[in-house]
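Asks: Below is the file run21.txt, with compact mmCIF, C-alpha atoms.
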```
# COMPACT_ATOMS: atom_id res chain seq x y z
CA MET S 84 25.95 -3.67 8.53
CA ALA S 85 25.71 -3.23 4.77
CA MET S 86 21.97 -3.90 4.95
CA MET S 87 21.49 -1.25 7.62
CA ASN S 88 23.48 1.34 5.71
CA SER S 89 21.47 0.78 2.55
CA GLU S 90 18.16 0.92 4.43
CA ASN S 91 19.15 4.20 6.06
CA MET S 92 20.06 5.55 2.64
CA ALA S 93 16.56 4.74 1.33
CA GLN S 94 14.98 6.53 4.28
CA ASP S 95 17.01 9.68 3.57
CA LEU S 96 16.15 9.96 -0.12
CA SER S 97 14.60 13.11 -1.51
CA PRO S 98 10.92 13.01 -2.54
CA ILE S 99 10.11 11.74 -6.00
CA THR S 100 9.00 14.29 -8.59
CA PHE S 101 5.63 13.34 -10.10
CA CYS S 102 4.16 14.55 -13.36
CA ASP S 103 1.33 13.56 -15.69
CA VAL S 104 3.19 13.41 -19.00
CA VAL S 105 6.88 13.66 -19.91
CA GLY S 106 8.92 12.93 -23.00
CA SER S 107 11.16 10.34 -21.35
CA THR S 108 11.69 9.94 -17.62
CA ASN S 109 15.17 8.54 -18.33
CA ASP S 110 16.10 11.61 -20.35
CA GLU S 111 14.87 13.97 -17.63
CA VAL S 112 16.75 12.16 -14.87
CA ARG S 113 19.85 11.94 -17.05
CA LYS S 114 19.85 15.77 -17.21
CA LEU S 115 19.64 15.91 -13.42
CA GLY S 116 22.52 13.46 -13.16
CA GLN S 117 24.67 15.59 -15.44
CA GLU S 118 23.92 18.58 -13.22
CA GLY S 119 25.09 16.73 -10.10
CA ALA S 120 21.85 15.52 -8.51
CA GLU S 121 22.15 13.05 -5.66
CA ALA S 122 21.68 9.31 -5.91
CA GLY S 123 18.04 8.37 -5.43
CA THR S 124 16.71 11.40 -7.29
CA ALA S 125 13.70 10.13 -9.21
CA LEU S 126 10.92 11.16 -11.58
CA ALA S 127 7.66 9.29 -12.11
CA ALA S 128 5.08 9.92 -14.83
CA HIS S 129 1.68 8.59 -15.77
CA ALA S 130 2.59 8.69 -19.49
CA GLN S 131 5.58 9.25 -21.78
CA THR S 132 5.64 10.58 -25.33
CA GLU S 133 9.22 9.57 -26.17
CA GLY S 134 9.81 6.46 -24.08
CA ARG S 135 12.20 3.77 -25.29
CA GLY S 136 13.12 0.19 -24.62
CA ARG S 137 16.20 -1.88 -25.25
CA ARG S 138 18.36 -1.17 -28.29
CA GLY S 139 16.78 2.29 -28.66
CA HIS S 140 13.38 0.98 -29.74
CA LEU S 141 10.42 3.23 -29.06
CA TRP S 142 8.28 2.29 -26.08
CA HIS S 143 4.65 3.38 -26.40
CA SER S 144 3.81 4.71 -22.92
CA PRO S 145 0.18 5.82 -22.57
CA ALA S 146 -1.59 6.72 -19.35
CA GLY S 147 -2.34 3.73 -17.17
CA GLY S 148 1.16 2.57 -16.27
CA LEU S 149 3.94 3.75 -13.98
CA TYR S 150 7.01 5.17 -15.72
CA LEU S 151 9.78 5.75 -13.19
CA SER S 152 13.46 6.64 -13.51
CA VAL S 153 15.96 6.61 -10.65
CA LEU S 154 19.43 8.18 -10.51
CA LEU S 155 22.19 5.90 -9.18
CA ARG S 156 25.85 6.63 -8.47
CA PRO S 157 27.49 3.26 -7.72
CA GLN S 158 31.16 3.57 -6.82
CA VAL S 159 32.42 0.63 -8.86
CA SER S 160 34.81 0.30 -11.77
CA MET S 161 33.43 0.76 -15.28
CA GLN S 162 34.13 -2.91 -15.93
CA MET S 163 31.81 -3.89 -13.09
CA LEU S 164 29.04 -1.40 -13.90
CA MET S 165 27.34 -3.93 -16.18
CA GLY S 166 26.16 -5.76 -13.06
CA LEU S 167 23.90 -2.86 -12.08
CA PRO S 168 20.86 -3.83 -14.22
CA ALA S 169 20.65 -7.20 -12.46
CA ALA S 170 20.81 -5.50 -9.07
CA CYS S 171 18.05 -3.10 -10.14
CA ALA S 172 15.90 -6.01 -11.31
CA LEU S 173 16.31 -7.70 -7.94
CA GLY S 174 15.25 -4.43 -6.29
CA ALA S 175 12.11 -4.28 -8.42
CA VAL S 176 11.29 -7.88 -7.50
CA ASP S 177 11.81 -7.04 -3.81
CA ALA S 178 9.35 -4.16 -4.10
CA LEU S 179 6.68 -6.10 -5.95
CA ARG S 180 6.89 -9.05 -3.60
CA SER S 181 6.54 -6.68 -0.64
CA LEU S 182 3.30 -5.46 -2.24
CA GLY S 183 1.94 -8.99 -2.45
CA VAL S 184 3.13 -10.13 -5.89
CA GLY S 185 4.86 -13.21 -4.52
CA GLU S 186 5.29 -14.79 -7.95
CA ALA S 187 7.21 -11.83 -9.43
CA GLY S 188 10.45 -12.96 -11.05
CA ILE S 189 13.03 -11.95 -13.64
CA LYS S 190 13.20 -12.82 -17.32
CA TRP S 191 16.80 -12.65 -18.43
CA PRO S 192 18.36 -10.17 -18.45
CA ASN S 193 16.13 -7.86 -16.39
CA ASP S 194 12.45 -7.78 -17.33
CA ILE S 195 10.03 -8.45 -14.50
CA VAL S 196 7.63 -11.30 -15.19
CA ILE S 197 4.93 -13.46 -13.71
CA ALA S 198 5.44 -16.86 -15.31
CA ASP S 199 5.64 -16.06 -19.05
CA GLN S 200 3.89 -12.69 -18.84
CA LYS S 201 5.67 -9.34 -18.64
CA LEU S 202 4.78 -7.12 -15.69
CA ALA S 203 7.55 -4.52 -16.06
CA GLY S 204 10.50 -3.59 -18.24
CA ILE S 205 13.78 -2.12 -17.05
CA LEU S 206 16.31 -0.04 -18.98
CA VAL S 207 19.55 1.07 -17.30
CA GLU S 208 21.65 3.72 -19.06
CA ALA S 209 24.99 5.22 -18.04
CA GLY S 210 25.88 8.91 -18.13
CA TYR S 211 28.61 11.33 -17.14
CA GLY S 212 28.40 14.73 -15.49
CA GLU S 213 30.09 17.11 -13.09
CA LYS S 214 30.17 14.44 -10.36
CA GLY S 215 31.46 11.72 -12.66
CA VAL S 216 29.81 8.55 -13.89
CA PHE S 217 26.20 7.82 -12.98
CA ALA S 218 23.41 5.53 -14.13
CA VAL S 219 19.70 5.96 -14.68
CA CYS S 220 17.41 3.01 -14.01
CA GLY S 221 14.12 3.35 -15.85
CA ILE S 222 11.22 1.01 -15.16
CA GLY S 223 7.76 0.81 -16.68
CA VAL S 224 5.12 -1.13 -14.74
CA ASN S 225 1.78 -2.31 -16.11
CA ILE S 226 -0.75 -1.31 -13.47
CA ALA S 227 -4.18 -2.10 -14.93
CA PRO S 228 -5.34 -3.78 -18.16
CA GLN S 229 -6.61 -0.72 -19.99
CA GLN S 230 -6.73 -1.27 -23.73
CA GLU S 231 -4.00 1.27 -24.52
CA VAL S 232 -1.65 -0.18 -21.93
CA ARG S 233 -2.19 -3.69 -23.27
CA ARG S 234 -1.37 -2.45 -26.76
CA ALA S 235 1.72 -0.66 -25.44
CA VAL S 236 3.19 -3.82 -23.99
CA LEU S 237 2.59 -5.75 -27.18
CA GLU S 238 4.11 -3.06 -29.40
CA GLU S 239 7.35 -2.56 -27.50
CA PHE S 240 8.82 -5.99 -28.36
CA ASP S 241 11.98 -5.37 -26.27
CA GLY S 242 13.61 -4.72 -29.64
CA PHE S 243 13.02 -8.36 -30.52
CA GLN S 244 10.32 -10.38 -32.24
CA ARG S 245 7.97 -12.75 -30.38
CA PRO S 246 6.91 -10.39 -27.59
CA LEU S 247 5.67 -11.57 -24.21
CA THR S 248 2.02 -11.16 -23.32
CA PRO S 249 1.42 -8.57 -20.59
CA ALA S 250 0.75 -9.07 -16.89
CA PHE S 251 -0.91 -6.35 -14.81
CA LEU S 252 -0.39 -5.46 -11.18
CA SER S 253 -4.13 -5.15 -10.59
CA ASP S 254 -4.58 -8.85 -11.38
CA HIS S 255 -2.09 -9.96 -8.72
CA VAL S 256 -2.75 -7.84 -5.62
CA GLU S 257 -5.86 -7.40 -3.51
CA GLN S 258 -5.57 -3.63 -3.78
CA VAL S 259 -3.26 -1.64 -6.04
CA PRO S 260 -1.33 0.94 -3.99
CA ASP S 261 -1.76 4.56 -4.96
CA PHE S 262 0.57 5.84 -7.65
CA GLU S 263 2.94 7.70 -5.34
CA GLN S 264 3.22 4.81 -2.89
CA LEU S 265 3.94 2.36 -5.72
CA ALA S 266 6.65 4.61 -7.18
CA THR S 267 8.26 5.21 -3.80
CA THR S 268 8.27 1.53 -2.86
CA ILE S 269 9.96 0.60 -6.14
CA ARG S 270 12.43 3.51 -6.05
CA ASP S 271 13.53 2.73 -2.49
CA ALA S 272 13.99 -0.97 -3.21
CA ILE S 273 16.05 -0.30 -6.34
CA VAL S 274 18.30 2.16 -4.49
CA ARG S 275 18.69 -0.28 -1.61
CA ARG S 276 19.67 -3.18 -3.87
CA ALA S 277 22.04 -1.02 -5.90
CA LYS S 278 23.78 0.10 -2.72
CA GLN S 279 24.05 -3.43 -1.36
CA TRP S 280 25.54 -4.59 -4.65
CA GLU S 281 27.99 -1.67 -4.66
CA GLN S 282 29.13 -2.48 -1.13
CA SER S 283 29.51 -6.16 -1.96
CA MET S 284 31.74 -5.30 -4.94
CA ALA S 285 34.08 -3.03 -2.97
CA GLY S 286 37.70 -3.90 -3.68
CA ARG S 287 36.91 -6.71 -6.10
CA THR S 288 39.24 -6.95 -9.06
CA VAL S 289 38.47 -10.52 -10.14
CA ALA S 290 35.42 -12.68 -10.88
CA GLY S 291 32.68 -10.60 -12.52
CA PRO S 292 30.05 -7.95 -11.86
CA LEU S 293 27.38 -10.47 -10.87
CA ALA S 294 29.59 -12.61 -8.66
CA THR S 295 28.05 -11.45 -5.38
CA ILE S 296 24.39 -11.62 -6.49
CA LEU S 297 24.46 -14.51 -8.97
CA ASP S 298 22.69 -17.00 -6.67
CA GLU S 299 19.78 -14.63 -5.99
CA TYR S 300 19.61 -13.59 -9.64
CA PHE S 301 19.49 -17.27 -10.62
CA ASP S 302 16.79 -18.08 -8.04
CA ALA S 303 14.59 -15.20 -9.22
CA MET S 304 14.34 -16.58 -12.78
CA PRO S 305 11.39 -18.93 -13.33
CA ALA S 306 12.68 -19.96 -16.77
CA VAL S 307 15.85 -21.61 -15.44
CA GLY S 308 15.71 -25.31 -16.31
CA GLN S 309 13.24 -24.81 -19.16
CA VAL S 310 13.86 -25.29 -22.88
CA MET S 311 14.31 -21.86 -24.45
CA ASP S 312 15.06 -20.31 -27.83
CA ALA S 313 17.71 -17.61 -28.10
CA VAL S 314 15.89 -15.26 -30.49
CA LEU S 315 17.83 -12.81 -32.65
CA PRO S 316 16.46 -9.29 -33.27
CA ASP S 317 15.09 -10.39 -36.66
CA GLY S 318 13.11 -13.23 -35.09
CA ARG S 319 15.40 -16.10 -36.09
CA SER S 320 16.49 -18.64 -33.49
CA MET S 321 20.21 -18.51 -32.65
CA ALA S 322 20.12 -21.63 -30.48
CA THR S 323 17.71 -23.85 -28.57
CA GLY S 324 18.47 -25.57 -25.30
CA VAL S 325 17.86 -25.85 -21.59
CA PHE S 326 18.39 -22.52 -19.83
CA ALA S 327 21.08 -23.53 -17.35
CA GLY S 328 21.65 -20.11 -15.79
CA MET S 329 24.10 -17.23 -16.17
CA ASP S 330 27.80 -16.66 -15.74
CA VAL S 331 29.32 -13.94 -13.53
CA TRP S 332 29.19 -11.53 -16.47
CA GLY S 333 25.44 -11.95 -16.82
CA ARG S 334 25.53 -13.99 -20.02
CA ALA S 335 22.86 -16.66 -20.41
CA ILE S 336 23.92 -20.27 -20.85
CA LEU S 337 21.87 -22.71 -22.93
CA VAL S 338 22.69 -26.41 -23.03
CA THR S 339 21.65 -27.89 -26.38
CA GLN S 340 20.30 -31.37 -26.97
CA ASP S 341 23.83 -32.41 -27.97
CA GLY S 342 25.25 -31.21 -24.66
CA GLU S 343 26.93 -28.12 -26.12
CA GLU S 344 26.96 -25.01 -23.93
CA VAL S 345 26.04 -21.83 -25.80
CA THR S 346 26.82 -18.53 -24.07
CA ILE S 347 24.65 -15.57 -25.09
CA SER S 348 24.93 -11.89 -24.26
CA ALA S 349 21.86 -9.67 -23.88
CA GLU S 350 23.04 -7.65 -26.90
CA GLN S 351 22.91 -10.76 -29.09
CA ALA S 352 19.55 -12.30 -28.38
CA SER S 353 16.51 -12.58 -26.14
CA LEU S 354 15.23 -15.78 -24.55
CA ARG S 355 11.76 -17.09 -25.31
CA ARG S 356 10.18 -20.39 -24.35
CA THR S 357 10.54 -22.71 -27.34
CA ALA S 358 7.32 -23.30 -29.27
CA SER S 359 7.75 -27.06 -28.93
CA ALA S 360 8.18 -26.97 -25.11
```
Can you dump the structure from the file as structure tokens?
Replies:
Amino acid sequence: MAMMNSENMAQDLSPITFCDVVGSTNDEVRKLGQEGAEAGTALAAHAQTEGRGRRGHLWHSPAGGLYLSVLLRPQVSMQMLMGLPAACALGAVDALRSLGVGEAGIKWPNDIVIADQKLAGILVEAGYGEKGVFAVCGIGVNIAPQQEVRRAVLEEFDGFQRPLTPAFLSDHVEQVPDFEQLATTIRDAIVRRAKQWEQSMAGRTVAGPLATILDEYFDAMPAVGQVMDAVLPDGRSMATGVFAGMDVWGRAILVTQDGEEVTISAEQASLRRTASA
């Protein structure tokens, strides 16, 4: 029943607003959220002039990609809200796989990758307005390997050193869908996953925000079981070990050569395949 409700919700969403260039799609949708816009309200742009990635770092966003932000209003406690980015990442994977990108997966905590290459980045930000707490899920997708887009991916760095090389949608599908279809497919899948996660969390006061989706989140990560470095923002390695998975709070767990378990939050470090692997 939860699946049907969430699918119906996606069908009833308002049309996406499309524009050529915007400062930041997240900022524009945040304003709409503060004014009371409904869940599923979305804005898509061909380019951004003031885009940003994790930790407030600037995200160079030239024409050639899809920059999409979606308004969400999950009815969960503030403590559980930190599970939303994982649900949004699963939604993005759902959408891309439905378009033929069967190898799309998640790089912890919520980038979308194909093997070790980055196809899309996700940034979820919370806000507050006349209808209470809301969230904005922003996603940038690399569509085609134009020179400026390739440079954009390499310059963003996720706020960390040792950036991933880019992947492009055009290299992994027989035919790239038109811009509006791509945006709508991704928006609907993110809303659907967010709603399913919200419904699964109803009434929960124990465990953690990823408890109901942890198995799927785990299965969507190609790096699980590989030797990884936990890389600090300055490029230094915090720890090296086998990526064993995540806990119900979304923290990554590395098992070192000595058998020690190191738990890492997304605010502390980013995971990169170790150079010696």
Asks: Work out how far CA of Phe251 (chain S) is from CA of Ala178 (chain S), in Å to one decimal.
Replies: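 Atom-to-atom, CA of Ala178 (chain S) to CA of Phe251 (chain S), that is 15.0 Å.
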Asks: Report the closest atom pair, with its distance in Å rounded to one decimal, for each residue of region 96-184 of chain S that has an atom no farther than 10 Å from region 300-313 of chain S; count all atoms listed in the file, sort by chain and then rising residue number, and write it as CSV.
Replies:
```
residue,atom,partner,partner_atom,distance
S:Ala169,CA,S:Tyr300,CA,7.1
S:Ala170,CA,S:Tyr300,CA,8.2
S:Ala172,CA,S:Tyr300,CA,8.6
S:Leu173,CA,S:Tyr300,CA,7.0
S:Val176,CA,S:Ala303,CA,8.2
```
Asks: Given only C-alpha atoms as the basis, pick out the residue of S:Ala120, S:Val159, S:Val224, S:Leu126 nearest to Gly147 (chain S).
Replies: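 Of S:Ala120, S:Val159, S:Val224, S:Leu126, the one nearest Gly147 (chain S) is S:Val224, counting only C-alpha atoms.
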Asks: Which residues, written as a PyMOL selection string, have at least one atom at most 6 Å from Ser152 (chain S), with all atoms listed in the file counted and residues fewer than 2 positions away on the same chain left out?
Replies: chain S and resi 108-109+125-126+220-221
Asks: Show me the residues around (5.1, 2.1, -2.0) - criterion: an atom at most 12 Å away, all atoms listed in the file counted - as a ChimeraX atom specification.
Replies: /S:99,175,177-183,259-272
Asks: Which of these residues is nearest to Gly333 (chain S), using all atoms listed in the file: S:Ile222, S:Ala294, S:Leu354, S:Ala122?
Replies: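 Counting all atoms listed in the file, the residue closest to Gly333 (chain S) is S:Ala294.
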Asks: Find the residues around region 254-257 of chain S up to 9 Å (only C-alpha atoms counted), leave out those fewer than 4 positions away in its own chain, and share them as a CSV table (one decimal) with C-alpha atoms, in the coordinates of the input.
Replies:
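Result file is out-v5.csv:
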```
chain,number,residue,atom,x,y,z
S,182,LEU,CA,3.3,-5.5,-2.2
S,183,GLY,CA,1.9,-9.0,-2.4
S,184,VAL,CA,3.1,-10.1,-5.9
S,185,GLY,CA,4.9,-13.2,-4.5
S,186,GLU,CA,5.3,-14.8,-8.0
S,226,ILE,CA,-0.8,-1.3,-13.5
S,227,ALA,CA,-4.2,-2.1,-14.9
S,228,PRO,CA,-5.3,-3.8,-18.2
S,250,ALA,CA,0.8,-9.1,-16.9
```
Asks: Return the single residue from S:Pro98, S:Gly148, S:Gly286, S:Gly210 that is closest to Gly116 (chain S), with distances computed using only C-alpha atoms.
Replies: S:Gly210
Asks: Mind checking which residues fall within 12 Å of Glu208 (chain S), counting all atoms listed in the file, ignoring those fewer than 5 positions away in the same chain, and posting them as number ranges by chain?
Replies: S: 108-110, 112-113, 116, 135-139, 152-156, 164-165, 167-168, 171, 216-222
Asks: Nearest residue to Arg276 (chain S) out of S:Arg355, S:Gly123, S:Ile347, S:Lys190, using all atoms listed in the file?
Replies: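 Using all atoms listed in the file, the shortest distance to Arg276 (chain S) belongs to S:Gly123.
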Asks: Can you work out the spacing between CA of Asp194 (chain S) and CA of Thr248 (chain S) in Å, to one decimal?
Replies: 12.5 Å
